[in-house]
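Pasted below: work_3.txt, compact mmCIF, C-alpha atoms.
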```
# COMPACT_ATOMS: atom_id res chain seq x y z
CA MET T 1 104.38 28.64 -160.05
CA LYS T 2 104.95 27.39 -156.54
CA LYS T 3 106.71 30.65 -155.79
CA ILE T 4 103.77 32.72 -156.97
CA ILE T 5 101.28 30.73 -154.90
CA THR T 6 103.43 31.07 -151.79
CA LEU T 7 103.76 34.81 -152.38
CA PHE T 8 100.02 35.14 -152.86
CA PHE T 9 99.22 33.48 -149.55
CA LEU T 10 101.81 35.53 -147.75
CA LEU T 11 100.32 38.73 -149.17
CA LEU T 12 96.95 37.62 -147.84
CA LEU T 13 98.52 37.69 -144.39
CA THR T 14 99.39 41.37 -144.68
CA GLY T 15 96.24 42.68 -146.36
CA CYS T 16 92.57 42.57 -145.39
CA GLN T 17 93.16 43.25 -141.75
CA ASP T 18 90.02 44.75 -140.18
CA GLN T 19 90.73 47.87 -138.21
CA VAL T 20 88.86 50.05 -135.76
CA PHE T 21 87.97 53.46 -137.14
CA SER T 22 86.47 55.97 -134.76
CA LYS T 23 84.78 59.33 -135.33
CA ASP T 24 83.42 61.83 -132.83
CA LEU T 25 80.63 64.26 -133.59
CA PHE T 26 78.52 66.75 -131.70
CA TYR T 27 75.00 67.29 -132.97
CA MET T 28 71.53 67.67 -131.41
CA ASN T 29 73.16 68.69 -128.14
CA THR T 30 74.61 65.21 -128.01
CA TYR T 31 78.08 63.83 -128.19
CA ILE T 32 78.13 60.99 -130.73
CA ASN T 33 80.86 58.40 -131.22
CA ILE T 34 80.90 56.12 -134.25
CA LYS T 35 83.12 53.06 -134.40
CA ILE T 36 83.36 51.00 -137.55
CA TYR T 37 85.43 47.84 -138.00
CA HIS T 38 86.49 47.43 -141.59
CA HIS T 39 89.52 46.89 -143.80
CA ASP T 40 88.72 49.58 -146.38
CA GLN T 41 89.74 52.94 -144.99
CA GLU T 42 88.42 54.85 -147.98
CA LEU T 43 84.97 53.33 -147.62
CA VAL T 44 84.97 54.10 -143.91
CA ASN T 45 85.96 57.74 -144.46
CA LYS T 46 83.18 58.15 -146.99
CA THR T 47 80.76 56.54 -144.55
CA PHE T 48 81.82 58.87 -141.75
CA SER T 49 81.29 61.96 -143.87
CA ASP T 50 77.90 60.72 -145.12
CA ILE T 51 76.79 59.97 -141.56
CA GLU T 52 77.95 63.38 -140.40
CA GLN T 53 75.92 64.96 -143.15
CA ILE T 54 72.79 63.11 -142.02
CA TYR T 55 73.27 64.26 -138.44
CA GLN T 56 73.96 67.83 -139.54
CA GLU T 57 70.87 67.88 -141.74
CA TYR T 58 68.54 66.72 -138.98
CA ASP T 59 70.30 68.83 -136.37
CA GLN T 60 69.26 71.92 -138.32
CA LEU T 61 65.85 70.55 -139.26
CA CYS T 62 64.91 69.76 -135.63
CA ASP T 63 66.38 72.91 -134.10
CA ARG T 64 63.78 74.66 -131.94
CA TYR T 65 65.92 77.65 -131.06
CA LYS T 66 67.58 78.72 -134.27
CA LYS T 67 66.18 79.41 -137.68
CA HIS T 68 67.31 77.33 -140.63
CA GLU T 69 65.52 76.96 -143.89
CA ASN T 70 62.09 75.38 -143.31
CA ASN T 71 63.10 73.90 -139.97
CA LEU T 72 61.23 73.34 -136.71
CA TYR T 73 61.92 76.85 -135.39
CA TYR T 74 60.44 78.29 -138.55
CA LEU T 75 57.49 75.91 -138.33
CA ASN T 76 56.70 76.76 -134.70
CA ASN T 77 56.56 80.42 -135.69
CA GLU T 78 54.44 79.76 -138.76
CA LEU T 79 51.90 77.77 -136.71
CA GLU T 80 50.98 80.98 -134.96
CA LYS T 81 49.44 82.24 -138.20
CA ASN T 82 46.68 79.63 -138.01
CA GLN T 83 46.85 78.52 -141.59
CA GLU T 84 47.91 75.45 -143.54
CA ILE T 85 51.66 75.31 -144.06
CA GLU T 86 53.53 73.23 -146.59
CA ILE T 87 56.61 71.78 -144.94
CA ASP T 88 59.85 70.04 -145.84
CA LYS T 89 59.17 66.39 -146.70
CA ARG T 90 61.81 65.18 -144.22
CA LEU T 91 60.28 67.19 -141.39
CA TYR T 92 56.80 66.08 -142.39
CA ASP T 93 57.78 62.40 -142.22
CA LEU T 94 59.37 62.88 -138.83
CA LEU T 95 56.29 64.68 -137.47
CA LYS T 96 54.06 61.97 -138.89
CA VAL T 97 56.03 59.21 -137.15
CA SER T 98 55.96 61.26 -133.92
CA LYS T 99 52.19 61.67 -134.04
CA ASP T 100 51.75 57.95 -134.77
CA TYR T 101 53.73 57.16 -131.62
CA TYR T 102 51.63 59.65 -129.69
CA LEU T 103 48.54 57.64 -130.54
CA LYS T 104 50.27 54.27 -130.07
CA THR T 105 51.41 55.19 -126.54
CA ASN T 106 47.95 56.39 -125.42
CA LYS T 107 49.21 59.98 -125.72
CA PHE T 108 52.03 59.51 -123.22
CA PHE T 109 54.67 60.28 -125.83
CA SER T 110 54.05 63.82 -126.98
CA ILE T 111 56.07 66.25 -129.08
CA ALA T 112 53.78 69.14 -128.12
CA LEU T 113 55.37 69.88 -124.76
CA GLY T 114 57.69 72.66 -125.97
CA ASN T 115 55.98 75.40 -123.97
CA VAL T 116 56.09 73.42 -120.74
CA THR T 117 59.69 72.31 -121.28
CA ASP T 118 60.70 75.96 -121.64
CA VAL T 119 59.11 76.78 -118.29
CA TRP T 120 60.87 73.86 -116.60
CA THR T 121 64.18 74.92 -118.16
CA ASN T 122 64.03 78.66 -117.52
CA ASN T 123 62.12 79.00 -114.24
CA LYS T 124 64.13 79.96 -111.18
CA GLU T 125 61.60 78.32 -108.86
CA LEU T 126 59.57 75.13 -109.05
CA PRO T 127 56.72 75.95 -111.46
CA SER T 128 53.12 75.46 -110.35
CA TYR T 129 50.58 73.56 -112.45
CA GLU T 130 48.77 76.83 -113.20
CA GLU T 131 51.99 78.40 -114.43
CA LEU T 132 52.70 75.40 -116.65
CA LYS T 133 49.17 75.31 -117.97
CA ALA T 134 49.31 79.04 -118.77
CA SER T 135 52.49 78.63 -120.83
CA GLY T 136 50.50 77.60 -123.90
CA SER T 137 48.86 74.65 -125.57
CA THR T 138 50.30 71.16 -125.07
CA ASP T 139 47.69 69.33 -127.09
CA LEU T 140 49.07 67.36 -130.02
CA ASP T 141 45.51 66.53 -131.10
CA ASP T 142 45.35 70.10 -132.35
CA ILE T 143 48.01 69.35 -134.97
CA MET T 144 46.78 67.97 -138.28
CA LEU T 145 49.13 66.40 -140.81
CA LYS T 146 48.12 65.71 -144.38
CA GLU T 147 50.11 65.27 -147.58
CA ASN T 148 53.10 67.42 -146.62
CA TYR T 149 50.85 70.05 -145.07
CA ILE T 150 50.49 70.85 -141.41
CA PHE T 151 47.71 72.75 -139.70
CA SER T 152 47.28 73.66 -136.07
CA LYS T 153 43.93 74.44 -134.49
CA ASN T 154 45.79 76.12 -131.70
CA SER T 155 48.18 78.90 -132.59
CA ASP T 156 50.41 78.71 -129.52
CA VAL T 157 51.47 75.05 -129.56
CA SER T 158 55.25 74.59 -129.60
CA LEU T 159 56.62 71.38 -131.08
CA ASP T 160 59.75 69.79 -129.61
CA LEU T 161 61.35 66.78 -131.32
CA GLY T 162 64.01 66.22 -128.65
CA GLY T 163 62.50 62.90 -127.56
CA ILE T 164 62.49 61.25 -130.98
CA ALA T 165 64.97 63.00 -133.32
CA LYS T 166 68.04 61.00 -132.24
CA GLY T 167 66.25 57.68 -132.63
CA TYR T 168 64.87 58.76 -135.98
CA VAL T 169 68.32 59.70 -137.29
CA ASN T 170 69.84 56.49 -135.95
CA ASN T 171 67.23 54.58 -137.91
CA ILE T 172 68.31 56.35 -141.11
CA ILE T 173 71.95 55.56 -140.31
CA LYS T 174 71.14 51.95 -139.55
CA GLU T 175 69.58 51.58 -143.01
CA TYR T 176 72.48 53.42 -144.60
CA LEU T 177 75.03 51.05 -143.02
CA HIS T 178 72.95 48.07 -144.07
CA ASP T 179 72.91 49.30 -147.69
CA LYS T 180 76.69 49.78 -147.64
CA GLY T 181 77.19 46.27 -146.29
CA ILE T 182 78.89 47.51 -143.12
CA LYS T 183 78.08 45.02 -140.39
CA LYS T 184 80.49 45.68 -137.56
CA TYR T 185 79.78 48.96 -135.84
CA LEU T 186 78.98 50.69 -132.57
CA ILE T 187 77.31 54.10 -132.45
CA THR T 188 77.02 55.76 -129.06
CA SER T 189 74.74 58.80 -128.72
CA GLY T 190 75.35 60.61 -125.46
CA THR T 191 75.39 58.31 -122.49
CA SER T 192 71.96 56.89 -123.03
CA SER T 193 71.57 55.24 -126.39
CA ILE T 194 73.52 52.93 -128.66
CA LEU T 195 73.11 51.30 -132.03
CA ILE T 196 75.16 48.14 -132.55
CA GLY T 197 75.92 45.76 -135.34
CA GLU T 198 78.10 42.70 -134.90
CA HIS T 199 81.09 42.83 -132.57
CA TYR T 200 84.48 43.21 -134.26
CA GLN T 201 86.29 40.65 -132.19
CA ASN T 202 84.09 38.88 -129.69
CA GLU T 203 80.85 37.07 -130.21
CA LYS T 204 78.76 39.79 -128.59
CA TYR T 205 78.87 43.30 -127.20
CA ARG T 206 78.90 43.66 -123.44
CA VAL T 207 76.72 46.56 -122.38
CA GLY T 208 76.79 47.71 -118.75
CA LEU T 209 73.81 49.52 -117.22
CA ILE T 210 74.61 52.06 -114.50
CA ASN T 211 72.71 51.93 -111.23
CA PRO T 212 70.74 55.21 -111.00
CA LEU T 213 71.13 55.25 -107.21
CA GLU T 214 74.88 54.56 -107.15
CA SER T 215 76.34 55.94 -110.33
CA GLU T 216 79.67 54.15 -109.80
CA LYS T 217 78.05 50.73 -110.00
CA ILE T 218 76.77 48.63 -112.83
CA TYR T 219 73.60 46.74 -111.96
CA LYS T 220 73.16 44.71 -115.10
CA VAL T 221 75.22 43.47 -118.02
CA LEU T 222 73.65 42.67 -121.37
CA LYS T 223 75.36 40.53 -123.99
CA LEU T 224 73.96 41.10 -127.44
CA ASN T 225 74.44 42.10 -131.08
CA THR T 226 72.64 43.98 -133.84
CA ASN T 227 70.19 46.04 -131.86
CA SER T 228 69.32 49.45 -130.59
CA ILE T 229 69.36 50.12 -126.85
CA SER T 230 68.02 53.28 -125.20
CA THR T 231 68.04 54.21 -121.55
CA SER T 232 65.86 56.97 -120.17
CA GLY T 233 66.27 58.21 -116.69
CA THR T 234 67.07 60.87 -114.25
CA ILE T 235 70.82 60.58 -113.63
CA ASP T 236 72.20 63.06 -116.12
CA ASN T 237 69.15 64.95 -117.18
CA TYR T 238 67.18 66.81 -114.55
CA TYR T 239 65.91 70.18 -113.41
CA GLU T 240 66.97 71.40 -110.00
CA PHE T 241 64.96 73.62 -107.67
CA SER T 242 66.20 74.44 -104.16
CA GLY T 243 68.44 71.39 -104.10
CA GLU T 244 65.71 69.00 -105.22
CA LYS T 245 66.10 67.10 -108.51
CA TYR T 246 63.25 66.75 -111.00
CA SER T 247 63.45 64.42 -113.98
CA HIS T 248 63.44 65.96 -117.46
CA ILE T 249 60.74 63.55 -118.63
CA ILE T 250 57.43 65.37 -118.36
CA ASN T 251 54.09 63.60 -118.04
CA PRO T 252 51.87 65.23 -120.70
CA PHE T 253 48.78 64.80 -118.52
CA THR T 254 50.09 66.35 -115.31
CA LEU T 255 52.85 68.54 -116.89
CA TYR T 256 55.04 67.31 -114.05
CA PRO T 257 57.87 64.75 -114.07
CA ASP T 258 55.80 62.07 -112.34
CA ASN T 259 58.08 59.09 -112.80
CA TYR T 260 57.46 55.52 -111.75
CA SER T 261 61.00 54.46 -112.53
CA LEU T 262 64.43 56.00 -112.10
CA SER T 263 65.75 54.34 -115.22
CA VAL T 264 64.24 52.30 -118.04
CA THR T 265 66.23 50.51 -120.74
CA VAL T 266 64.56 49.29 -123.92
CA ILE T 267 66.06 46.87 -126.46
CA ALA T 268 64.72 46.39 -130.00
CA PRO T 269 66.05 46.48 -133.56
CA ASP T 270 64.23 49.77 -134.26
CA PRO T 271 66.01 52.84 -132.77
CA ILE T 272 62.87 55.00 -132.97
CA LEU T 273 60.93 52.45 -130.95
CA THR T 274 63.60 52.15 -128.24
CA GLU T 275 63.98 55.92 -127.93
CA VAL T 276 60.24 56.60 -127.71
CA LEU T 277 59.32 53.66 -125.48
CA SER T 278 62.13 54.19 -122.95
CA THR T 279 60.85 57.73 -122.38
CA THR T 280 57.23 56.57 -122.19
CA LEU T 281 57.89 53.63 -119.87
CA VAL T 282 59.53 55.86 -117.26
CA LEU T 283 56.11 57.47 -116.80
CA LEU T 284 54.05 54.29 -116.62
CA PRO T 285 53.43 51.84 -113.78
CA ILE T 286 55.30 48.55 -114.42
CA GLU T 287 52.18 46.51 -115.20
CA GLU T 288 50.94 49.00 -117.75
CA GLY T 289 54.45 49.25 -119.18
CA LYS T 290 54.68 45.48 -119.57
CA LYS T 291 51.53 45.47 -121.69
CA LEU T 292 53.02 48.12 -123.97
CA ALA T 293 56.33 46.21 -124.15
CA GLU T 294 54.52 43.01 -125.16
CA LYS T 295 52.46 44.83 -127.76
CA TYR T 296 55.56 46.19 -129.49
CA ASP T 297 57.75 43.15 -128.85
CA VAL T 298 60.54 45.03 -127.10
CA GLU T 299 62.71 43.95 -124.20
CA VAL T 300 62.79 46.11 -121.11
CA ILE T 301 64.64 46.57 -117.83
CA TRP T 302 63.04 48.80 -115.21
CA PHE T 303 64.87 50.26 -112.23
CA THR T 304 62.06 51.55 -110.02
CA LYS T 305 62.12 54.32 -107.43
CA ASP T 306 62.40 51.67 -104.71
CA GLY T 307 65.47 50.18 -106.37
CA ILE T 308 63.58 47.13 -107.62
CA ILE T 309 64.68 45.67 -110.94
CA GLU T 310 61.95 44.33 -113.21
CA THR T 311 62.54 42.80 -116.62
CA GLU T 312 60.57 41.79 -119.68
CA GLY T 313 62.03 39.17 -122.01
CA ILE T 314 65.76 39.81 -121.70
CA LYS T 315 66.72 36.19 -120.94
CA ASN T 316 68.72 35.78 -124.14
CA TYR T 317 70.97 38.68 -123.25
CA GLU T 318 72.04 37.65 -119.76
CA MET I 1 113.32 26.58 -154.84
CA ASN I 2 116.76 27.97 -154.29
CA LYS I 3 118.30 29.79 -151.40
CA ASN I 4 117.14 33.25 -152.52
CA ASP I 5 113.52 32.12 -152.61
CA TRP I 6 113.72 31.08 -148.99
CA ILE I 7 115.26 34.41 -148.04
CA LEU I 8 112.45 36.24 -149.85
CA ILE I 9 109.81 34.15 -148.11
CA ILE I 10 111.35 34.77 -144.72
CA ILE I 11 111.51 38.51 -145.39
CA ILE I 12 107.86 38.58 -146.44
CA ILE I 13 106.81 36.58 -143.37
CA PHE I 14 108.75 39.00 -141.22
CA ILE I 15 107.06 42.03 -142.84
CA SER I 16 103.62 40.44 -142.52
CA PHE I 17 103.95 39.78 -138.82
CA SER I 18 105.51 43.12 -138.03
CA LEU I 19 102.61 44.84 -139.82
CA LEU I 20 100.13 42.69 -137.92
CA LEU I 21 101.82 43.56 -134.66
CA PHE I 22 101.94 47.24 -135.61
CA PHE I 23 98.18 47.40 -136.24
CA LYS I 24 97.40 45.50 -133.07
CA LEU I 25 99.52 47.88 -131.01
CA THR I 26 98.24 51.08 -132.58
CA ASN I 27 94.64 49.95 -132.05
CA GLN I 28 95.12 49.66 -128.34
CA GLU I 29 93.58 52.52 -126.42
CA SER I 30 95.48 53.96 -123.52
CA ASN I 31 94.35 55.77 -120.42
CA GLN I 32 93.71 59.14 -121.96
CA ALA I 33 91.19 61.91 -122.40
CA LEU I 34 90.30 63.53 -125.69
CA VAL I 35 89.29 67.18 -125.83
CA TYR I 36 87.12 68.43 -128.68
CA ASN I 37 86.22 71.94 -129.69
CA ASP I 38 83.19 72.09 -131.99
CA ASN I 39 83.72 68.52 -133.21
CA LYS I 40 87.46 68.92 -133.78
CA LEU I 41 89.98 67.07 -131.66
CA ILE I 42 92.19 69.76 -130.16
CA LEU I 43 94.03 68.00 -127.35
CA THR I 44 94.91 64.51 -126.14
CA ILE I 45 95.62 64.34 -122.43
CA ASP I 46 97.56 61.59 -120.66
CA LEU I 47 95.63 60.71 -117.51
CA THR I 48 98.58 59.01 -115.82
CA LYS I 49 100.34 62.35 -115.28
CA ASP I 50 98.92 64.96 -112.90
CA ASP I 51 98.86 68.28 -114.73
CA LYS I 52 96.85 71.38 -115.63
CA TYR I 53 95.69 72.43 -119.10
CA GLN I 54 93.89 75.35 -120.66
CA VAL I 55 91.91 75.33 -123.91
CA MET I 56 89.91 78.03 -125.68
CA GLY I 57 86.16 77.48 -125.90
CA LEU I 58 83.58 79.53 -127.73
CA ASN I 59 83.09 81.87 -124.75
CA GLY I 60 86.64 81.87 -123.44
CA GLU I 61 89.16 79.80 -121.52
CA VAL I 62 88.33 76.39 -120.10
CA ASP I 63 90.68 75.15 -117.38
CA ILE I 64 91.23 71.43 -117.04
CA GLU I 65 92.95 69.50 -114.26
CA VAL I 66 94.24 65.93 -114.16
CA LYS I 67 94.75 64.29 -110.79
CA ASN I 68 95.10 60.61 -109.82
CA ASN I 69 93.97 59.33 -113.26
CA GLN I 70 90.89 61.55 -113.13
CA ILE I 71 90.04 64.64 -115.12
CA ARG I 72 87.81 67.63 -114.41
CA VAL I 73 87.08 71.18 -115.50
CA THR I 74 88.13 73.63 -112.79
CA SER I 75 86.75 76.80 -114.36
CA GLU I 76 85.00 77.92 -117.52
CA THR I 77 83.29 80.97 -118.94
CA SER I 78 79.57 80.20 -118.87
CA ASN I 79 76.39 81.13 -117.03
CA TYR I 80 75.75 78.00 -115.02
CA HIS I 81 79.23 76.43 -114.75
CA LEU I 82 77.67 73.02 -115.31
CA CYS I 83 80.86 71.33 -116.43
CA SER I 84 82.99 72.44 -113.49
CA LYS I 85 80.15 71.39 -111.17
CA GLN I 86 80.22 67.91 -112.70
CA GLY I 87 83.56 67.22 -111.01
CA TYR I 88 85.98 64.44 -111.87
CA ILE I 89 85.45 61.77 -114.48
CA SER I 90 87.72 58.79 -114.99
CA LYS I 91 85.83 55.87 -116.49
CA SER I 92 85.79 54.88 -120.11
CA TRP I 93 83.03 56.64 -122.08
CA GLU I 94 82.47 59.22 -119.36
CA THR I 95 82.10 62.65 -120.86
CA ILE I 96 82.09 66.28 -119.76
CA VAL I 97 80.16 68.51 -122.12
CA CYS I 98 80.63 72.27 -121.87
CA LEU I 99 77.73 73.20 -124.09
CA PRO I 100 78.11 77.00 -124.23
CA ASN I 101 81.80 76.55 -125.00
CA LYS I 102 81.33 73.64 -127.41
CA ILE I 103 84.07 71.79 -125.53
CA ILE I 104 83.79 68.06 -124.95
CA ILE I 105 86.14 65.96 -122.82
CA ARG I 106 85.92 62.19 -123.12
CA VAL I 107 87.85 59.48 -121.30
CA THR I 108 88.89 56.59 -123.53
CA SER I 109 90.59 54.14 -121.20
CA LEU I 110 89.86 50.62 -122.31
CA ASP I 111 87.54 48.91 -119.87
CA GLN I 112 88.03 45.19 -120.40
CA ASN I 113 84.67 44.25 -118.98
CA TYR I 114 82.33 46.35 -121.10
CA ASP I 115 82.19 47.65 -124.65
CA VAL I 116 79.85 50.43 -123.64
CA ILE I 117 78.10 51.74 -120.56
CA LEU I 118 74.61 53.24 -120.51
CA ARG I 119 73.09 55.46 -117.86
```

Is it possible to give me this structure as structure tokens?
Amino acid sequence: MKKIITLFFLLLLTGCQDQVFSKDLFYMNTYINIKIYHHDQELVNKTFSDIEQIYQEYDQLCDRYKKHENNLYYLNNELEKNQEIEIDKRLYDLLKVSKDYYLKTNKFFSIALGNVTDVWTNNKELPSYEELKASGSTDLDDIMLKENYIFSKNSDVSLDLGGIAKGYVNNIIKEYLHDKGIKKYLITSGTSSILIGEHYQNEKYRVGLINPLESEKIYKVLKLNTNSISTSGTIDNYYEFSGEKYSHIINPFTLYPDNYSLSVTVIAPDPILTEVLSTTLVLLPIEEGKKLAEKYDVEVIWFTKDGIIETEGIKNYE
Amino acid sequence: MNKNDWILIIIIIFISFSLLLFFKLTNQESNQALVYNDNKLILTIDLTKDDKYQVMGLNGEVDIEVKNNQIRVTSETSNYHLCSKQGYISKSWETIVCLPNKIIIRVTSLDQNYDVILR
């Protein structure tokens, strides 16, 4: 008996060792890395393939440039017909959430800027306001959503889910991981947003924020767990005209990238909220932004154009 | 317990610890860059050795150079040459994305100070 007990405890030493599993994906024009810390390799492999499927599904659904069955490209074309269109339930839900955020952010977060974004992307010279205005409707108020149907009062509006799709998918993945009981993970989407569970080894994750003026330097370190963090800014994503850089975040009222901050980082459990608010807060003066941050109970770090760092409620993470 | 039991126990302890050590060692990331083509890992590059590499992207060849622990794309077949314009990368999590070629290069050196860096 003694022998068996000793053997049992020794076997415990060899088994049940948590390991790091890592998977790289490329969807939604974004490089995605998933790290999961777990002892069950089979479960992790299944999880990886399920997560990839979710990304793939929404990658096709939110594609503005290529036709897939009932996807956004198809929808943007159908809107031109000026009639009610029944759409995929998944796309409907995503559009509904997007429109809700449009109203919640006083119309600063808009998914109706597709026409303008195309001008900013394709123009050889800095576009004028008239040129931008002439590119087509940018009014999300024209879009009506009701019981899986969509109707547009304006036939030339072009929807673009680039500002919310990643956050939306991360929210689905967060719930998926929760259901599977996987607690220790780190999902990095591009260089600007992460979804974290518990740390595999240490008490907390250490997240470094890069100084937008000196991209070699880190200006702030956050120590935290189980959250979503999104940074919006101008370092990696910009339009360039005659040597001058213009941020990719367009103000829906002026159609120009009128930014108050160079970089804004938002922390909250909800990945949709962090994705949407980080984009919105770049466009708002700090005081106005702080009101929005308080309303939605998120934590924020602003790096303004003058290099001033402002924060809202991040004390627990420093 | 007799002598054989003790031998068995010692052997098992030895196996346990060597397995533990094995997993610890294999988990350690080194100073390297991973190259992906359309989500598939196609090349692992040692950043401690200066060298030149060539991989096939969707549009054609992508030339890669390693120098002083840094990595960059020197030339690629695309309209805007965004990834060769990006220059060298060397820090953990830094990434070069050649979108038209579906080639991604990522540095994975283990930075002791941070788990992840956002910009």

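Of the residues under consideration (T:Thr311, T:Thr280, T:Ser137, T:Asn82), T:Thr280 shows the shortest atom-to-atom contact distance to Lys104 (chain T) when counting all atoms listed in the file.
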
Inset, instruction - Go through T:Leu224, T:Ile111, T:Ala293, T:Leu213 one by one, measure the shortest atom-to-atom distance of each to Asn316 (chain T) using all atoms listed in the file, and give the residue with the smallest value. - result: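 That would be T:Leu224, the residue with the smallest distance to Asn316 (chain T).
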
Inset, instruction - Find the distance between CA of Thr231 (chain T) and CA of Leu41 (chain I) and write it in Å to one decimal. - result: 27.4 Å

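Residue nearest Ile309 (chain T) within the list T:Lys220, T:Lys146, T:His178, T:Lys81: T:Lys220 [criterion: smallest interatomic distance, only C-alpha atoms].
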
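Considering all atoms listed in the file, the residue among T:Leu186, T:Ile286, T:Leu132, T:Val20 positioned nearest to Trp120 (chain T) is T:Leu132.
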
Legend entry - CA of Ser278 (chain T) to CA of Glu299 (chain T), straight-line distance in Å: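 Interatomic distance here is 10.3 Å.
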